[in-house]
file target-v1.cif (mmCIF, C-alpha atoms and all ligand atoms)
data_input
loop_
_atom_site.label_atom_id
_atom_site.label_comp_id
_atom_site.auth_asym_id
_atom_site.auth_seq_id
_atom_site.Cartn_x
_atom_site.Cartn_y
_atom_site.Cartn_z
CA MET G 604 0.00 0.00 0.00
CA ARG G 605 1.33 3.46 -0.94
CA THR G 606 1.79 5.74 2.05
CA ILE G 607 0.34 9.24 1.72
CA ASP G 608 2.24 11.39 4.17
CA LEU G 609 0.53 14.66 5.11
CA ARG G 610 2.48 15.17 8.34
CA SER G 611 4.86 17.79 6.98
CA ASP G 612 6.72 18.96 3.88
CA THR G 613 9.90 17.96 5.72
CA VAL G 614 9.27 14.33 4.69
CA THR G 615 10.10 15.05 1.04
CA LEU G 616 12.96 12.97 -0.35
CA PRO G 617 15.70 14.35 -2.61
CA THR G 618 14.77 14.25 -6.30
CA PRO G 619 16.76 12.09 -8.77
CA GLU G 620 18.38 15.29 -10.09
CA MET G 621 19.48 16.16 -6.56
CA ARG G 622 21.01 12.73 -6.04
CA GLU G 623 22.95 13.07 -9.27
CA ALA G 624 24.16 16.56 -8.37
CA MET G 625 25.22 15.26 -4.94
CA ALA G 626 27.19 12.38 -6.44
CA ASN G 627 29.05 14.69 -8.82
CA ALA G 628 29.54 17.76 -6.62
CA PRO G 629 33.06 19.23 -6.47
CA VAL G 630 33.87 19.61 -2.76
CA GLY G 631 36.49 21.06 -0.42
CA ASP G 632 36.81 22.01 3.25
CA ASP G 633 34.11 24.57 3.93
CA VAL G 634 35.57 25.53 7.32
CA TYR G 635 38.45 26.93 5.24
CA GLY G 636 35.84 28.41 2.86
CA GLU G 637 37.13 26.07 0.14
CA ASP G 638 34.07 24.10 -0.87
CA PRO G 639 33.17 25.35 -4.37
CA THR G 640 29.65 23.91 -4.24
CA VAL G 641 28.85 25.52 -0.88
CA ASN G 642 30.24 28.79 -2.19
CA ARG G 643 28.05 28.50 -5.29
CA LEU G 644 24.96 27.77 -3.19
CA GLN G 645 25.68 30.75 -0.94
CA ARG G 646 26.07 33.09 -3.93
CA LEU G 647 22.88 31.73 -5.49
CA ALA G 648 20.84 32.14 -2.28
CA ALA G 649 22.10 35.70 -1.74
CA GLU G 650 21.30 36.60 -5.33
CA ARG G 651 17.79 35.06 -5.22
CA LEU G 652 16.91 36.81 -1.96
CA GLY G 653 18.49 40.08 -3.07
CA LYS G 654 20.96 40.24 -0.19
CA PRO G 655 24.72 40.86 -0.32
CA ALA G 656 25.70 37.58 1.38
CA ALA G 657 24.43 34.17 2.53
CA ILE G 658 25.63 31.24 4.61
CA PHE G 659 24.67 27.55 4.57
CA VAL G 660 23.55 25.97 7.87
CA PRO G 661 22.37 22.43 8.67
CA SER G 662 18.81 23.32 9.72
CA GLY G 663 16.21 26.03 10.06
CA THR G 664 16.53 25.84 13.84
CA MET G 665 20.24 26.56 13.63
CA GLY G 666 19.57 29.28 11.07
CA ASN G 667 17.27 31.13 13.45
CA LEU G 668 19.48 30.58 16.50
CA ALA G 669 22.74 31.55 14.76
CA SER G 670 20.99 34.70 13.47
CA LEU G 671 19.60 35.63 16.89
CA LEU G 672 23.01 35.07 18.50
CA ALA G 673 24.55 37.36 15.89
CA HIS G 674 21.96 40.11 16.44
CA CYS G 675 21.71 39.99 20.25
CA GLY G 676 23.88 39.71 23.34
CA ARG G 677 23.03 38.09 26.66
CA GLY G 678 20.14 39.84 28.40
CA ASP G 679 18.91 41.45 25.18
CA GLU G 680 15.30 41.08 24.19
CA VAL G 681 13.57 39.95 21.00
CA ILE G 682 9.97 40.81 20.17
CA MET G 683 8.24 37.86 18.53
CA GLY G 684 4.80 36.35 18.10
CA ASP G 685 3.42 34.00 20.73
CA LYS G 686 2.92 31.40 17.97
CA ALA G 687 6.36 31.83 16.41
CA HIS G 688 8.19 28.61 15.61
CA THR G 689 11.27 30.12 17.25
CA PHE G 690 9.30 30.65 20.45
CA LEU G 691 7.26 27.42 20.51
CA TYR G 692 9.28 24.73 18.78
CA GLU G 693 13.00 25.48 18.99
CA GLN G 694 13.48 24.37 22.58
CA GLY G 695 13.91 27.95 23.78
CA GLY G 696 17.40 27.84 22.27
CA LEU G 697 17.64 31.62 22.24
CA ALA G 698 17.29 31.67 26.05
CA ALA G 699 19.07 28.39 26.77
CA LEU G 700 22.15 29.06 24.65
CA GLY G 701 22.08 32.82 24.08
CA GLY G 702 20.66 34.30 27.28
CA ILE G 703 18.28 36.19 24.97
CA MET G 704 14.83 37.02 26.28
CA PRO G 705 11.76 36.43 24.10
CA HIS G 706 9.15 39.16 24.55
CA THR G 707 6.04 37.65 23.03
CA ILE G 708 3.07 39.57 21.70
CA PRO G 709 -0.08 38.02 20.18
CA ASN G 710 0.12 36.63 16.68
CA GLN G 711 -3.01 37.50 14.71
CA SER G 712 -4.61 34.60 12.81
CA ASP G 713 -2.94 35.82 9.60
CA GLY G 714 0.51 35.54 11.20
CA THR G 715 0.98 39.29 11.63
CA LEU G 716 1.92 41.18 14.77
CA LYS G 717 -0.02 44.40 15.33
CA LEU G 718 2.23 47.42 14.85
CA GLU G 719 0.85 48.98 18.04
CA ASP G 720 1.73 45.80 19.97
CA ILE G 721 5.29 45.93 18.63
CA GLU G 722 5.52 49.61 19.50
CA ALA G 723 4.25 48.96 23.04
CA ALA G 724 6.70 46.10 23.57
CA ILE G 725 9.80 48.18 22.76
CA ARG G 726 11.59 48.98 26.00
CA GLY G 727 12.69 52.45 27.00
CA ASP G 728 16.24 53.25 28.05
CA ASP G 729 16.11 52.28 31.71
CA PRO G 730 18.58 50.18 33.71
CA HIS G 731 15.67 48.09 35.02
CA PHE G 732 14.88 46.78 31.55
CA PRO G 733 16.54 44.44 29.11
CA ARG G 734 17.51 46.11 25.85
CA THR G 735 15.18 45.47 22.92
CA ARG G 736 17.31 44.59 19.92
CA LEU G 737 15.24 42.69 17.40
CA VAL G 738 11.81 41.95 15.97
CA CYS G 739 11.21 38.47 14.50
CA LEU G 740 8.59 37.70 11.87
CA GLU G 741 7.68 34.32 10.37
CA ASN G 742 6.76 34.00 6.68
CA THR G 743 4.81 31.86 5.88
CA HIS G 744 3.49 31.46 9.40
CA ASN G 745 3.39 27.78 10.27
CA ALA G 746 1.06 27.91 13.29
CA CYS G 747 -1.12 30.70 11.82
CA ASN G 748 -2.71 28.76 8.96
CA GLY G 749 0.42 28.83 6.80
CA ALA G 750 -0.35 32.49 6.10
CA PRO G 751 2.02 34.59 4.00
CA LEU G 752 3.00 38.07 5.18
CA ALA G 753 2.62 40.68 2.43
CA PRO G 754 5.58 42.87 1.39
CA GLU G 755 3.75 46.05 2.46
CA TYR G 756 3.22 44.67 5.98
CA VAL G 757 6.84 43.53 6.32
CA SER G 758 8.01 46.99 5.21
CA GLN G 759 5.81 48.65 7.84
CA VAL G 760 7.33 46.48 10.57
CA VAL G 761 10.84 47.20 9.32
CA ALA G 762 10.17 50.95 9.17
CA LEU G 763 8.92 50.91 12.75
CA ALA G 764 11.78 48.72 14.00
CA HIS G 765 14.48 50.71 12.24
CA SER G 766 13.05 54.00 13.46
CA ARG G 767 13.57 52.67 17.00
CA GLY G 768 17.05 51.29 16.35
CA LEU G 769 15.95 47.64 16.16
CA LYS G 770 16.82 45.00 13.56
CA VAL G 771 14.35 42.62 11.90
CA HIS G 772 14.90 38.89 11.35
CA VAL G 773 12.51 36.78 9.27
CA ASP G 774 12.07 33.07 9.88
CA GLY G 775 11.35 32.39 6.24
CA ALA G 776 11.46 28.61 6.47
CA ARG G 777 8.79 28.62 3.74
CA ILE G 778 9.47 32.04 2.19
CA PHE G 779 9.17 30.67 -1.36
CA ASN G 780 5.66 29.41 -0.52
CA ALA G 781 4.84 32.97 0.53
CA ALA G 782 6.27 34.41 -2.70
CA VAL G 783 4.27 31.97 -4.83
CA ALA G 784 1.04 32.53 -2.87
CA LEU G 785 1.33 36.31 -3.18
CA ASP G 786 2.68 36.13 -6.72
CA VAL G 787 5.67 38.34 -5.95
CA ASP G 788 9.41 37.94 -6.34
CA VAL G 789 10.82 36.58 -3.10
CA LYS G 790 13.11 39.64 -2.96
CA ALA G 791 10.05 41.82 -2.34
CA LEU G 792 9.34 39.93 0.90
CA VAL G 793 12.74 40.55 2.45
CA GLY G 794 13.92 43.74 0.73
CA ASP G 795 14.47 45.82 3.81
CA VAL G 796 14.79 43.17 6.55
CA ASP G 797 18.19 42.69 8.16
CA SER G 798 18.29 38.89 8.00
CA VAL G 799 16.25 35.95 6.76
CA THR G 800 16.51 32.21 7.22
CA PHE G 801 14.94 29.91 4.64
CA CYS G 802 14.83 26.13 4.48
CA LEU G 803 16.00 23.92 1.63
CA SER G 804 14.68 20.73 3.18
CA LYS G 805 10.95 21.43 3.41
CA GLY G 806 8.82 21.98 0.31
CA LEU G 807 11.99 22.40 -1.77
CA SER G 808 12.88 18.73 -1.14
CA ALA G 809 16.61 18.97 -0.39
CA PRO G 810 17.67 16.39 2.21
CA VAL G 811 19.42 18.84 4.57
CA GLY G 812 19.98 22.50 5.10
CA ALA G 813 18.87 26.07 5.40
CA MET G 814 20.30 29.41 4.30
CA ILE G 815 20.73 32.68 6.17
CA CYS G 816 20.92 35.84 4.07
CA GLY G 817 21.93 39.35 5.12
CA ASP G 818 24.66 41.93 4.67
CA GLU G 819 28.36 41.02 4.64
CA ALA G 820 29.05 42.12 8.22
CA PHE G 821 26.06 40.20 9.57
CA ILE G 822 26.94 37.02 7.68
CA ALA G 823 30.54 37.29 8.93
CA GLU G 824 29.17 37.38 12.48
CA VAL G 825 26.90 34.38 11.75
CA HIS G 826 29.98 32.55 10.45
CA ARG G 827 31.20 32.73 14.07
CA THR G 828 27.91 31.82 15.78
CA ARG G 829 27.40 28.89 13.37
CA LYS G 830 30.84 27.55 14.37
CA VAL G 831 30.16 27.68 18.11
CA LEU G 832 26.88 25.82 17.54
CA GLY G 833 28.80 23.04 15.81
CA GLY G 834 27.57 24.02 12.36
CA GLY G 835 30.96 24.37 10.69
CA MET G 836 30.86 21.58 8.13
CA ARG G 837 33.64 20.17 5.98
CA GLN G 838 32.88 18.70 2.52
CA ALA G 839 29.37 20.08 2.77
CA GLY G 840 29.16 20.53 -0.99
CA ILE G 841 27.69 17.02 -1.08
CA ILE G 842 24.52 18.38 0.53
CA ALA G 843 24.81 21.92 -0.82
CA ALA G 844 24.54 20.45 -4.34
CA ALA G 845 20.97 19.37 -3.57
CA GLY G 846 20.26 22.87 -2.23
CA ILE G 847 21.26 24.38 -5.58
CA VAL G 848 18.77 22.13 -7.38
CA ALA G 849 16.17 23.04 -4.71
CA ILE G 850 16.50 26.76 -5.43
CA GLU G 851 16.83 26.45 -9.20
CA LYS G 852 14.15 23.83 -9.85
CA MET G 853 11.73 23.46 -6.96
CA THR G 854 10.46 26.92 -6.07
CA LEU G 855 7.91 27.63 -8.79
CA ARG G 856 6.18 24.26 -8.58
CA LEU G 857 5.11 25.06 -4.98
CA LYS G 858 1.87 26.50 -6.35
CA GLU G 859 0.76 22.94 -7.16
CA ASP G 860 1.01 22.14 -3.44
CA HIS G 861 -1.16 25.14 -2.65
CA VAL G 862 -3.82 24.06 -5.13
CA ARG G 863 -3.87 20.55 -3.67
CA ALA G 864 -4.08 21.88 -0.10
CA ARG G 865 -7.08 23.94 -1.11
CA ARG G 866 -8.78 20.97 -2.80
CA LEU G 867 -8.22 18.83 0.29
CA ALA G 868 -9.50 21.53 2.62
CA GLU G 869 -12.62 22.11 0.53
CA GLY G 870 -13.33 18.37 0.53
CA PHE G 871 -12.80 18.10 4.28
CA GLY G 872 -15.00 21.13 4.88
CA ALA G 873 -17.89 19.46 3.05
CA LEU G 874 -17.86 16.52 5.49
CA PRO G 875 -20.13 16.49 8.56
CA GLY G 876 -18.34 17.21 11.82
CA VAL G 877 -15.24 18.83 10.28
CA GLY G 878 -14.32 22.51 10.64
CA VAL G 879 -11.56 23.75 8.35
CA GLY G 880 -9.42 26.86 8.81
CA PRO G 881 -8.33 29.17 6.01
CA VAL G 882 -5.97 27.90 3.29
CA HIS G 883 -3.28 30.27 2.06
CA THR G 884 -0.41 27.99 1.08
CA ASN G 885 0.49 24.31 1.65
CA ILE G 886 -0.46 24.12 5.35
CA PHE G 887 -3.98 24.10 6.77
CA TYR G 888 -5.59 23.19 10.05
CA PHE G 889 -8.87 21.43 10.70
CA SER G 890 -10.76 20.18 13.71
CA LEU G 891 -13.48 17.72 14.56
CA THR G 892 -16.60 19.34 15.96
CA GLU G 893 -18.62 17.91 18.84
CA GLU G 894 -21.05 16.25 16.43
CA CYS G 895 -18.22 14.08 15.04
CA PRO G 896 -18.40 10.60 16.59
CA LEU G 897 -14.61 10.13 16.36
CA ASP G 898 -11.98 12.04 18.30
CA GLY G 899 -8.64 13.06 16.80
CA ALA G 900 -6.81 9.88 17.76
CA GLY G 901 -9.68 7.79 16.35
CA LEU G 902 -9.55 9.55 12.99
CA ALA G 903 -5.74 9.40 12.84
CA THR G 904 -5.82 5.65 13.51
CA ALA G 905 -8.49 5.03 10.88
CA LEU G 906 -6.53 7.04 8.31
CA LYS G 907 -3.28 5.25 9.17
CA ALA G 908 -4.97 1.90 8.58
CA ARG G 909 -5.61 3.19 5.03
CA GLY G 910 -1.98 4.26 4.54
CA ILE G 911 -2.57 7.96 5.26
CA LEU G 912 -0.32 9.66 7.80
CA LEU G 913 -2.18 12.58 9.34
CA PRO G 914 -1.74 12.45 13.12
CA ASN G 915 -3.87 14.65 15.35
CA ARG G 916 -2.02 17.51 17.07
CA GLY G 917 -4.58 18.20 19.79
CA PRO G 918 -7.50 16.06 21.06
CA ARG G 919 -9.58 17.07 18.01
CA THR G 920 -7.23 19.16 15.89
CA PHE G 921 -5.04 18.41 12.90
CA ARG G 922 -2.50 20.06 10.61
CA ALA G 923 -2.27 18.85 7.01
CA VAL G 924 0.69 19.73 4.80
CA THR G 925 0.97 19.13 1.06
CA HIS G 926 4.26 18.78 -0.81
CA VAL G 927 5.80 17.44 -3.99
CA TRP G 928 5.05 13.79 -3.23
CA ILE G 929 1.31 14.40 -2.81
CA THR G 930 -0.33 13.93 -6.20
CA ASP G 931 -3.83 14.70 -7.47
CA ASP G 932 -4.63 10.98 -7.12
CA ASP G 933 -3.45 11.08 -3.50
CA VAL G 934 -5.79 13.99 -2.84
CA GLU G 935 -8.71 11.97 -4.20
CA THR G 936 -7.66 8.92 -2.16
CA VAL G 937 -7.53 10.98 1.03
CA LEU G 938 -10.92 12.58 0.32
CA ALA G 939 -12.47 9.18 -0.34
CA ALA G 940 -10.98 7.78 2.87
CA MET G 941 -12.22 10.74 4.92
CA GLY G 942 -15.66 10.36 3.37
CA GLU G 943 -15.71 6.66 4.21
CA ILE G 944 -14.61 7.21 7.81
CA LEU G 945 -16.72 10.29 8.59
CA GLY G 946 -19.43 10.36 5.92
N1 LIG T 1001 8.97 22.98 11.11
C1 LIG T 1001 8.70 21.58 11.14
C2 LIG T 1001 8.92 21.06 12.56
O1 LIG T 1001 8.22 21.85 13.48
C3 LIG T 1001 8.78 19.64 12.80
C4 LIG T 1001 7.32 21.32 10.57
O2 LIG T 1001 6.97 20.15 10.35
O3 LIG T 1001 6.61 22.30 10.27
N2 LIG T 1001 10.77 27.67 11.20
C5 LIG T 1001 9.58 27.16 10.80
C6 LIG T 1001 8.49 28.11 10.44
C7 LIG T 1001 9.39 25.78 10.72
O4 LIG T 1001 8.20 25.32 10.34
C8 LIG T 1001 10.45 24.92 11.07
C9 LIG T 1001 10.28 23.43 11.04
C10 LIG T 1001 11.67 25.48 11.47
C11 LIG T 1001 11.78 26.87 11.53
C12 LIG T 1001 12.87 24.63 11.88
O5 LIG T 1001 13.43 24.00 10.81
P1 LIG T 1001 14.31 22.66 11.02
O6 LIG T 1001 13.32 21.56 11.29
O7 LIG T 1001 15.03 22.53 9.73
O8 LIG T 1001 15.23 22.88 12.14
#
call {"tool": "encode", "arguments": {"input": "target-v1.cif", "output": "structure tokens"}}
result
Amino acid sequence: MRTIDLRSDTVTLPTPEMREAMANAPVGDDVYGEDPTVNRLQRLAAERLGKPAAIFVPSGTMGNLASLLAHCGRGDEVIMGDKAHTFLYEQGGLAALGGIMPHTIPNQSDGTLKLEDIEAAIRGDDPHFPRTRLVCLENTHNACNGAPLAPEYVSQVVALAHSRGLKVHVDGARIFNAAVALDVDVKALVGDVDSVTFCLSKGLSAPVGAMICGDEAFIAEVHRTRKVLGGGMRQAGIIAAAGIVAIEKMTLRLKEDHVRARRLAEGFGALPGVGVGPVHTNIFYFSLTEECPLDGAGLATALKARGILLPNRGPRTFRAVTHVWITDDDVETVLAAMGEILG
């Protein structure tokens, strides 16, 4: 039985073209800056995001942490959403390893932070207070319905932050999904931010890796923080080669994932006892209402028995994620299975 895996876009396997590029990649010691494939990937990422420089890191988590460590010192404060991945799902690394304090403000359901909430969270110059250094945004916003943040909104946040002497970092793990959903060049989403992390190993299908982009001085600083986190890699061109294919070949097809997410969500929404949240990109949330005879675990088990991986996240809540390995046929199979179980 074919498995249909809707748990995350992280489950995507490298494409045949990636495997070939990996096998043939020229490599060197990247800690000496001598891996030609890593250097090529870094130039490509910087160019695509419209930033002067970029650096390759093993994961999105390290990308965010290495960036925060480069922006902030111990006791400094970062303003971020209360549903930010960096706040909820990165083990509090900023506090544990950086002594950096998260100052959370409410994420709106579209992933934004209200400008007035940001403004109110910025500390004055007072020895009682930590120093506010940074604002973090997330685009697309994983926990807020996979919503993309529009360029105009990002620019407003940056203008506010910069006017108060703060920097802005974007967790852009799925920034290419945002660009596709909004039909803009990805550069428009990060034009005036100080740093951005994006992932190669989610919807873009590379096996490993994330990129951080920013100006030369910032990336030089991240080169240090990456090393102390154990992220200095040697012949990393082997994995960087897949990242090059990810950026060159896998970004525009993301719109197919968005179409399939929408089709799934519409089908789920038509079933009795299912409430579906908004669909913006490749991630959507749904829940089982009280009238549904099954609870979340019951539905997850019934789906698993049919080869569909879609575990519940709360007692009655789910997140579904589409990606390159989910086909139109898979969508129909999942809809038929849901209909059979709940119909
Ligand atoms: N998200 C993963 C994990 O939470 C398991 C997922 O399945 O969605 N920023 C955002 C917005 C993310 O969604 C993730 C991973 C990360 C950062 C961290 O990236 P990795 O897993 O590469 O460290």
call {"tool": "residues_near_ligand", "arguments": {"input": "target-v1.cif", "ligand": "ligand LIG 1001 (chain T)", "cutoff": "8 Å", "atoms": "all atoms listed in the file", "output": "PyMOL selection string"}}
result
chain G and resi 610-613+661-667+687-689+692-693+741-746+774-777+802+804-805+811-813
call {"tool": "closest_residue", "arguments": {"input": "target-v1.cif", "among": "G:Lys654, G:Arg909, G:His731, G:Lys717", "to": "G:Asp797", "atoms": "only C-alpha atoms"}}
result
G:Lys654
call {"tool": "closest_residue", "arguments": {"input": "target-v1.cif", "among": "G:Glu623, G:Asp608, G:Glu893, G:Glu935", "to": "G:Gly878", "atoms": "all atoms listed in the file"}}
result
G:Glu893
call {"tool": "residues_around", "arguments": {"input": "target-v1.cif", "residues": "stretch 781-793 of chain G", "least_positions_apart": "6", "cutoff": "9 Å", "atoms": "all atoms listed in the file", "output": "PyMOL selection string"}}
result
chain G and resi 651-654+742-743+749-755+757-758+773+775+799+854-858+861+883-884
call {"tool": "atom_distance", "arguments": {"input": "target-v1.cif", "atom1": "atom CA of G:Ile703", "atom2": "atom CA of G:Met836"}}
result
25.6 Å
call {"tool": "closest_residue", "arguments": {"input": "target-v1.cif", "among": "G:Phe779, G:Tyr635, G:Trp928, G:Phe889", "to": "G:Phe801", "atoms": "all atoms listed in the file"}}
result
G:Phe779
call {"tool": "atom_distance", "arguments": {"input": "target-v1.cif", "atom1": "atom CA of G:Leu832", "atom2": "atom CA of G:Leu740"}}
result
22.5 Å
call {"tool": "atom_distance", "arguments": {"input": "target-v1.cif", "atom1": "atom CA of G:Gly834", "atom2": "atom CA of G:Gly846"}}
result
16.4 Å
call {"tool": "closest_atom_pairs", "arguments": {"input": "target-v1.cif", "of": "stretch 706-785 of chain G", "to": "stretch 670-682 of chain G", "cutoff": "9 Å", "atoms": "all atoms listed in the file", "output": "Markdown table"}}
result
| residue | atom | partner | partner_atom | distance |
| --- | --- | --- | --- | --- |
| G:His706 | CA | G:Ile682 | CA | 4.8 |
| G:Thr707 | CA | G:Ile682 | CA | 5.8 |
| G:Ile708 | CA | G:Ile682 | CA | 7.2 |
| G:Ile721 | CA | G:Ile682 | CA | 7.1 |
| G:Ala724 | CA | G:Ile682 | CA | 7.1 |
| G:Ile725 | CA | G:Ile682 | CA | 7.8 |
| G:Arg726 | CA | G:Glu680 | CA | 8.9 |
| G:Pro733 | CA | G:Asp679 | CA | 5.5 |
| G:Arg734 | CA | G:Asp679 | CA | 4.9 |
| G:Thr735 | CA | G:Glu680 | CA | 4.6 |
| G:Arg736 | CA | G:Glu680 | CA | 5.9 |
| G:Leu737 | CA | G:Val681 | CA | 4.8 |
| G:Val738 | CA | G:Ile682 | CA | 4.7 |
| G:Cys739 | CA | G:Ile682 | CA | 6.3 |
| G:Leu740 | CA | G:Ile682 | CA | 9.0 |
| G:Lys770 | CA | G:His674 | CA | 7.7 |
| G:His772 | CA | G:Ser670 | CA | 7.7 |
call {"tool": "write_last_selection", "arguments": {"input": "target-v1.cif", "atoms": "C-alpha atoms", "output": "PDB file, in the coordinates of the input"}}
result
ATOM      1  CA  HIS G 706       9.150  39.160  24.550  1.00  0.00           C
ATOM      2  CA  THR G 707       6.040  37.650  23.030  1.00  0.00           C
ATOM      3  CA  ILE G 708       3.070  39.570  21.700  1.00  0.00           C
ATOM      4  CA  ILE G 721       5.290  45.930  18.630  1.00  0.00           C
ATOM      5  CA  ALA G 724       6.700  46.100  23.570  1.00  0.00           C
ATOM      6  CA  ILE G 725       9.800  48.180  22.760  1.00  0.00           C
ATOM      7  CA  ARG G 726      11.590  48.980  26.000  1.00  0.00           C
ATOM      8  CA  PRO G 733      16.540  44.440  29.110  1.00  0.00           C
ATOM      9  CA  ARG G 734      17.510  46.110  25.850  1.00  0.00           C
ATOM     10  CA  THR G 735      15.180  45.470  22.920  1.00  0.00           C
ATOM     11  CA  ARG G 736      17.310  44.590  19.920  1.00  0.00           C
ATOM     12  CA  LEU G 737      15.240  42.690  17.400  1.00  0.00           C
ATOM     13  CA  VAL G 738      11.810  41.950  15.970  1.00  0.00           C
ATOM     14  CA  CYS G 739      11.210  38.470  14.500  1.00  0.00           C
ATOM     15  CA  LEU G 740       8.590  37.700  11.870  1.00  0.00           C
ATOM     16  CA  LYS G 770      16.820  45.000  13.560  1.00  0.00           C
ATOM     17  CA  HIS G 772      14.900  38.890  11.350  1.00  0.00           C
TER      18      HIS G 772
END
call {"tool": "axis_aligned_box", "arguments": {"input": "target-v1.cif", "around": "stretch 886-901 of chain G", "padding_each_side": "4 Å", "output": "JSON"}}
result
{"center_x": -10.8, "center_y": 16.0, "center_z": 12.1, "size_x": 28.6, "size_y": 24.3, "size_z": 21.5}
call {"tool": "closest_residue", "arguments": {"input": "target-v1.cif", "among": "G:Gly872, G:Pro617, G:Pro709, G:Pro655", "to": "G:Glu819", "atoms": "all atoms listed in the file"}}
result
G:Pro655
call {"tool": "closest_residue", "arguments": {"input": "target-v1.cif", "among": "G:Ala900, G:Ile842, G:Ala873, G:Ala649", "to": "G:Pro629", "atoms": "all atoms listed in the file"}}
result
G:Ile842
call {"tool": "closest_residue", "arguments": {"input": "target-v1.cif", "among": "G:Leu803, G:Ala656, G:Leu716, G:Ala669", "to": "G:Asn780", "atoms": "all atoms listed in the file"}}
result
G:Leu803
call {"tool": "residues_around", "arguments": {"input": "target-v1.cif", "residues": "G:Gly870", "least_positions_apart": "6", "cutoff": "12 Å", "atoms": "all atoms listed in the file", "output": "list in words"}}
result
Arg863, Ala864, Val877, Gly878, Val879, Phe889, Val934, Glu935, Thr936, Val937, Leu938, Ala939, Ala940, Met941, Gly942, Leu945 and Gly946 of chain G
call {"tool": "residues_around", "arguments": {"input": "target-v1.cif", "residues": "G:Ile822", "least_positions_apart": "2", "cutoff": "9 Å", "atoms": "all atoms listed in the file", "output": "PDB file with C-alpha atoms, in the coordinates of the input"}}
result
ATOM      1  CA  ALA G 656      25.700  37.580   1.380  1.00  0.00           C
ATOM      2  CA  ALA G 657      24.430  34.170   2.530  1.00  0.00           C
ATOM      3  CA  ILE G 658      25.630  31.240   4.610  1.00  0.00           C
ATOM      4  CA  SER G 670      20.990  34.700  13.470  1.00  0.00           C
ATOM      5  CA  ALA G 673      24.550  37.360  15.890  1.00  0.00           C
ATOM      6  CA  SER G 798      18.290  38.890   8.000  1.00  0.00           C
ATOM      7  CA  ILE G 815      20.730  32.680   6.170  1.00  0.00           C
ATOM      8  CA  CYS G 816      20.920  35.840   4.070  1.00  0.00           C
ATOM      9  CA  GLY G 817      21.930  39.350   5.120  1.00  0.00           C
ATOM     10  CA  ASP G 818      24.660  41.930   4.670  1.00  0.00           C
ATOM     11  CA  GLU G 819      28.360  41.020   4.640  1.00  0.00           C
ATOM     12  CA  ALA G 820      29.050  42.120   8.220  1.00  0.00           C
ATOM     13  CA  GLU G 824      29.170  37.380  12.480  1.00  0.00           C
ATOM     14  CA  VAL G 825      26.900  34.380  11.750  1.00  0.00           C
ATOM     15  CA  HIS G 826      29.980  32.550  10.450  1.00  0.00           C
ATOM     16  CA  ARG G 827      31.200  32.730  14.070  1.00  0.00           C
TER      17      ARG G 827
END
call {"tool": "decode", "arguments": {"input": "target-v1.cif", "residues": "stretch 743-754 of chain G", "atoms": "N, CA and C atoms", "output": "compact mmCIF listing (two decimals), in the first residue's frame"}}
result
# COMPACT_ATOMS: atom_id res chain seq x y z
N THR G 743 6.19 31.91 5.44
CA THR G 743 4.81 31.86 5.88
C THR G 743 4.75 31.50 7.36
N HIS G 744 3.58 31.74 7.97
CA HIS G 744 3.49 31.46 9.40
C HIS G 744 2.89 30.08 9.63
N ASN G 745 3.76 29.18 10.08
CA ASN G 745 3.39 27.78 10.27
C ASN G 745 2.12 27.62 11.13
N ALA G 746 2.16 28.15 12.35
CA ALA G 746 1.06 27.91 13.29
C ALA G 746 -0.14 28.82 13.02
N CYS G 747 0.01 29.81 12.15
CA CYS G 747 -1.12 30.70 11.82
C CYS G 747 -1.59 30.38 10.41
N ASN G 748 -2.06 29.17 10.22
CA ASN G 748 -2.71 28.76 8.96
C ASN G 748 -1.80 28.87 7.74
N GLY G 749 -0.50 28.74 7.95
CA GLY G 749 0.42 28.83 6.80
C GLY G 749 0.32 30.15 6.07
N ALA G 750 -0.06 31.21 6.78
CA ALA G 750 -0.35 32.49 6.10
C ALA G 750 0.94 33.19 5.65
N PRO G 751 0.88 33.79 4.45
CA PRO G 751 2.02 34.59 4.00
C PRO G 751 1.90 36.03 4.50
N LEU G 752 3.01 36.65 4.81
CA LEU G 752 3.00 38.07 5.18
C LEU G 752 3.31 38.89 3.93
N ALA G 753 2.48 39.89 3.66
CA ALA G 753 2.62 40.68 2.43
C ALA G 753 3.82 41.64 2.54
N PRO G 754 4.43 41.97 1.38
CA PRO G 754 5.58 42.87 1.39
C PRO G 754 5.30 44.20 2.08
